[in-house]
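**Student:** Supplied in structure tokens, the structure appears directly below.
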Amino acid sequence: MNIMDIDTVDIDLDQNAVVIIDQTKLPNDIVLKKLRSPKEIWDAIYKLEVRGAPAIGVCAAFGIYVIAKDLAKDFFEDEEGFFKAFYEQKEYLDSSRPTAVNLSWALNRMASVLESHRGEARAVQVEALKDESIAIRDEDIFVCKRIGEYGVTLLKDGDGVLTHCNAGKLATVRYGTATSPIYVAKEKGLHIRVYCDETRPLLQGARLTAFELFESGVDTTLLCDNMSSALMKEGKVNAIFVGCDRVAANGDTANKIGTSVVAAVAKQYHIPMYIAAPTSTIDMNCKSGDDIVIEQRDGAEVTDMWYEKPMAPKGVKVFNPAFDVTDYELIAGIVTEYGIAKAPYSESLKEIFRKKNNS
Ligand code: MRU
């Protein structure tokens with residue numbers, strides 16, 4: 001089974017289940033997991049069995065559809081009860097992770113479709129939710145491909161690209177965001193060397209990005225996070241491509257913890273830092289990075305995980321934010337499915353949305 005041939009998130013309509021590649025088992029085992037109950041869906045997102053902003057959004061859309069289909073049986077003749085239960089489950093799924101805006105974005109899209117069918121038969125409402133969840137999945141595939149086509153214009157044959165975390169196929173349905181230009185470059189016959197930060201503490205770079213790129217035949221090199229400055233100083237990196245969990249209206253960008261370190265070092269060595277961002281990850285209601293809620297995770301991820309024995313004194317305090325914010329001044333461009341936004345982002349991001357609304 002090749003990871004690239006399987007969608008990261010899918011729906012089994014017959015069994016009414018969300019199907020995910022369980023990313024906690026990679027790179028050693030490729031395991032497909034079916035999620036049926038609200039708790040199973042919540043846990044899969046919280047535990048990072050499915051992760052990466054766009055994949056979380058698609059999983060939430062399929063998830064709320066699966067849940068609503070079951071609820072429709074319990075509330076066959078009770079529309080008020082059905083809507084109330086739907087919103088309770090929507091809030092529940094939305095509480096699984098705070099930083100990636102795609103989660104609430106996808107759930108809000110699903111809720112507004114349901115609202116537009118108020119008063120109609122339950123079967124019609126459920127069908128509309130199914131169609132919307134499939135549309136969200138299909139759009140993700142299309143959008144990632146477009147990001148790749150814009151992003152590849154920033155690359156030339158022989159370039160070295162550094163990436164952090166996994167904004168790859170495993171963080172979306174197919175192609176990825178930050179990796180999409182690399183896959184498109186490969187299709188065009190360009191040779192791109194990709195350097196993957198291992199991405200402490202959960203190792204998304206080593207377990208996921210290095211895995212999917214290597215499987216795809218991309219020239220892939222893995223490094224520890226604290227080696228990227230040396231790599232940049234040696235002149236091996238021509239551009240940095242990373243994904244994002246939320247872009248604020250001024251261009252400040254939340255992404256995996258450590259991204260802002262890469263950005264600061266890249267500035268020192270005059271290397272452009274590009275953010276690959278589907279418009280679903282741009283939150284124009286969020287003024288700046290100060291308004292982005294950063295998820296804090298269990299300290300055991302730093303002290304114990306991956307080790308046979310704990311590798312820190314028992315009881316020591318641990319700082320373990322899952323994301324950090326890269327200031328807009330450090331970003332050379334934000335690559336969206338509607339083109340590449342450049343500074344000043346407060347203007348160019350509005351222009352991206354104007355293009356989207358007119359398309
Ligand atoms: O905690 P994770 O693994 O969900 O964090 C993922 C990232 O930070 C990705 O870079 C981001 O979601 C973009 S995915 C296209």
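Residue numbers start at 1 in each chain; chains themselves are named A, B, ... in the order of the structure tokens; ligands are numbered from 1 in the order shown.
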Output as a tab-separated table one row per residue of chain A within 8 Å of ligand 1: the closest atom pair and its distance in Å to one decimal place, counting only C-alpha atoms and all ligand atoms, sorted by chain and residue number ascending.

**Tutor:**
residue	atom	partner	partner_atom_place_in_ligand_line	distance
A:Leu48	CA	ligand 1	4 (O)	6.4
A:Val50	CA	ligand 1	4 (O)	7.7
A:Arg51	CA	ligand 1	4 (O)	4.0
A:Gly52	CA	ligand 1	12 (O)	3.5
A:Ala53	CA	ligand 1	12 (O)	3.8
A:Pro54	CA	ligand 1	15 (C)	5.8
A:Ala55	CA	ligand 1	14 (S)	7.5
A:Ile56	CA	ligand 1	4 (O)	7.8
A:Ala100	CA	ligand 1	12 (O)	6.5
A:His164	CA	ligand 1	10 (O)	7.0
A:Cys165	CA	ligand 1	10 (O)	5.4
A:Asn166	CA	ligand 1	10 (O)	5.2
A:Ala167	CA	ligand 1	15 (C)	3.7
A:Gly168	CA	ligand 1	15 (C)	6.1
A:Lys169	CA	ligand 1	15 (C)	7.9
A:Ala171	CA	ligand 1	14 (S)	4.7
A:Thr172	CA	ligand 1	15 (C)	5.9
A:Gly176	CA	ligand 1	15 (C)	5.7
A:Thr177	CA	ligand 1	15 (C)	5.0
A:Ala178	CA	ligand 1	15 (C)	6.7
A:Leu202	CA	ligand 1	3 (O)	7.7
A:Gln204	CA	ligand 1	3 (O)	6.1
A:Val242	CA	ligand 1	10 (O)	6.1
A:Gly243	CA	ligand 1	13 (C)	4.0
A:Cys244	CA	ligand 1	13 (C)	4.2
A:Asp245	CA	ligand 1	12 (O)	4.6
A:Ala254	CA	ligand 1	8 (O)	7.8
A:Asn255	CA	ligand 1	8 (O)	4.4
A:Lys256	CA	ligand 1	8 (O)	3.6
A:Ile257	CA	ligand 1	8 (O)	7.3
A:Ala276	CA	ligand 1	15 (C)	7.5
A:Ala277	CA	ligand 1	15 (C)	7.5
A:Ala322	CA	ligand 1	1 (O)	6.1
A:Phe323	CA	ligand 1	8 (O)	6.7

**Student:** I'd like the contact shell of stretch 208-224 of chain A - 7 Å cut-off, only C-alpha atoms, skipping same-chain residues fewer than 3 positions apart - returned as a PyMOL selection string.

**Tutor:** chain A and resi 26-27+166+168+192-198+204-205+227

**Student:** Just want the 6 Å neighbourhood of stretch 12-20 of chain A, counted on only C-alpha atoms, with same-chain residues fewer than 6 positions away dropped. Output as number ranges by chain.

**Tutor:** A: 32-36, 66

**Student:** I need the chosen residues saved as a JSON list (two decimals), in the first residue's frame, with all heavy atoms.

**Tutor:**
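selection.json, freshly written:
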[["chain", "number", "residue", "atom", "x", "y", "z"],
["A", 32, "LEU", "N", -5.62, 2.14, 8.20],
["A", 32, "LEU", "CA", -6.82, 2.94, 7.94],
["A", 32, "LEU", "C", -7.77, 2.74, 9.12],
["A", 32, "LEU", "O", -8.01, 1.61, 9.54],
["A", 32, "LEU", "CB", -7.49, 2.50, 6.64],
["A", 32, "LEU", "CG", -6.68, 2.72, 5.37],
["A", 32, "LEU", "CD1", -7.47, 2.32, 4.14],
["A", 32, "LEU", "CD2", -6.25, 4.18, 5.25],
["A", 33, "LYS", "N", -8.30, 3.84, 9.64],
["A", 33, "LYS", "CA", -9.15, 3.75, 10.82],
["A", 33, "LYS", "C", -10.52, 4.33, 10.49],
["A", 33, "LYS", "O", -10.61, 5.40, 9.87],
["A", 33, "LYS", "CB", -8.48, 4.54, 11.96],
["A", 33, "LYS", "CG", -9.18, 4.41, 13.28],
["A", 33, "LYS", "CD", -8.27, 4.88, 14.41],
["A", 33, "LYS", "CE", -8.99, 4.74, 15.73],
["A", 33, "LYS", "NZ", -8.16, 5.14, 16.87],
["A", 34, "LYS", "N", -11.57, 3.65, 10.94],
["A", 34, "LYS", "CA", -12.94, 4.15, 10.71],
["A", 34, "LYS", "C", -13.46, 4.82, 11.98],
["A", 34, "LYS", "O", -13.35, 4.27, 13.06],
["A", 34, "LYS", "CB", -13.86, 3.00, 10.31],
["A", 34, "LYS", "CG", -13.47, 2.45, 8.96],
["A", 34, "LYS", "CD", -14.55, 1.67, 8.27],
["A", 34, "LYS", "CE", -14.03, 1.40, 6.86],
["A", 34, "LYS", "NZ", -14.79, 0.50, 6.09],
["A", 35, "LEU", "N", -14.00, 6.01, 11.82],
["A", 35, "LEU", "CA", -14.51, 6.78, 12.96],
["A", 35, "LEU", "C", -16.02, 6.91, 12.81],
["A", 35, "LEU", "O", -16.49, 7.40, 11.78],
["A", 35, "LEU", "CB", -13.88, 8.17, 12.99],
["A", 35, "LEU", "CG", -12.36, 8.26, 12.76],
["A", 35, "LEU", "CD1", -11.94, 9.71, 12.56],
["A", 35, "LEU", "CD2", -11.61, 7.64, 13.93],
["A", 36, "ARG", "N", -16.76, 6.48, 13.84],
["A", 36, "ARG", "CA", -18.22, 6.55, 13.73],
["A", 36, "ARG", "C", -18.84, 7.44, 14.80],
["A", 36, "ARG", "O", -19.72, 8.23, 14.53],
["A", 36, "ARG", "CB", -18.81, 5.14, 13.83],
["A", 36, "ARG", "CG", -18.40, 4.26, 12.67],
["A", 36, "ARG", "CD", -19.09, 2.90, 12.72],
["A", 36, "ARG", "NE", -18.66, 2.09, 11.59],
["A", 36, "ARG", "CZ", -17.57, 1.33, 11.57],
["A", 36, "ARG", "NH1", -16.77, 1.30, 12.62],
["A", 36, "ARG", "NH2", -17.25, 0.61, 10.50],
["A", 66, "VAL", "N", -21.63, 12.43, 9.49],
["A", 66, "VAL", "CA", -21.84, 11.07, 10.02],
["A", 66, "VAL", "C", -22.71, 11.14, 11.29],
["A", 66, "VAL", "O", -23.66, 10.36, 11.46],
["A", 66, "VAL", "CB", -20.45, 10.41, 10.31],
["A", 66, "VAL", "CG1", -20.56, 9.23, 11.25],
["A", 66, "VAL", "CG2", -19.78, 10.02, 9.01]]

**Student:** Rounded to one decimal in Å, what is the spacing between atom CA of A:Ser95 and atom CA of A:Glu49?

**Tutor:**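 Going from atom CA of A:Ser95 over to atom CA of A:Glu49, I get 15.9 Å.
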
**Student:** Could you jot down the atom CA of A:Ala300 to atom CA of A:Ile275 separation for me, Å, one decimal place?

**Tutor:**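 Computed distance, atom CA of A:Ala300 to atom CA of A:Ile275, equals 29.7 Å.
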
**Student:** Nearest to A:Glu132 among A:Pro272, A:Gly299, A:Gly251, A:Gly63, with distances taken over only C-alpha atoms: which residue is it?

**Tutor:**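 Ranking A:Pro272, A:Gly299, A:Gly251, A:Gly63 by distance to A:Glu132, first place goes to A:Gly63.
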
**Student:** As an exercise, work out the distance from atom CA of A:Tyr338 to atom CA of A:Glu187 in Å and give it to one decimal place.

**Tutor:**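 Between atom CA of A:Tyr338 and atom CA of A:Glu187 the gap works out to 21.1 Å.
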
**Student:** Could you check the closest approach to A:Asp327 for each of A:Val58, A:Ala248, A:Ile67, A:Leu349 and tell me which residue wins, using only C-alpha atoms?

**Tutor:** A:Ala248

**Student:** Pick from A:Lys145, A:Arg297, A:Arg109, A:Lys342: nearest to A:Ser133, with only C-alpha atoms counted?

**Tutor:** A:Arg109

**Student:** Kindly indicate which residue among A:Asn238, A:Thr163, A:Ser180, A:Ser346 lies nearest to A:Asp252, using only C-alpha atoms for the distances.

**Tutor:**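 Once distances to A:Asp252 are computed over only C-alpha atoms, the minimum belongs to A:Ser346.
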
**Student:** Residues of stretch 17-202 of chain A classed as strand (DSSP E) by DSSP on the backbone are to be reported as a list in words.

**Tutor:**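 Across stretch 17-202 of chain A, those assigned strand (DSSP E) are Ala17, Val18, Val19, Ile20, Ile21, Leu32, Lys33, Lys34, Leu35, Gly160, Val161, Leu162, Thr163, Arg193, Val194, Tyr195, Cys196 and Asp197 of chain A.
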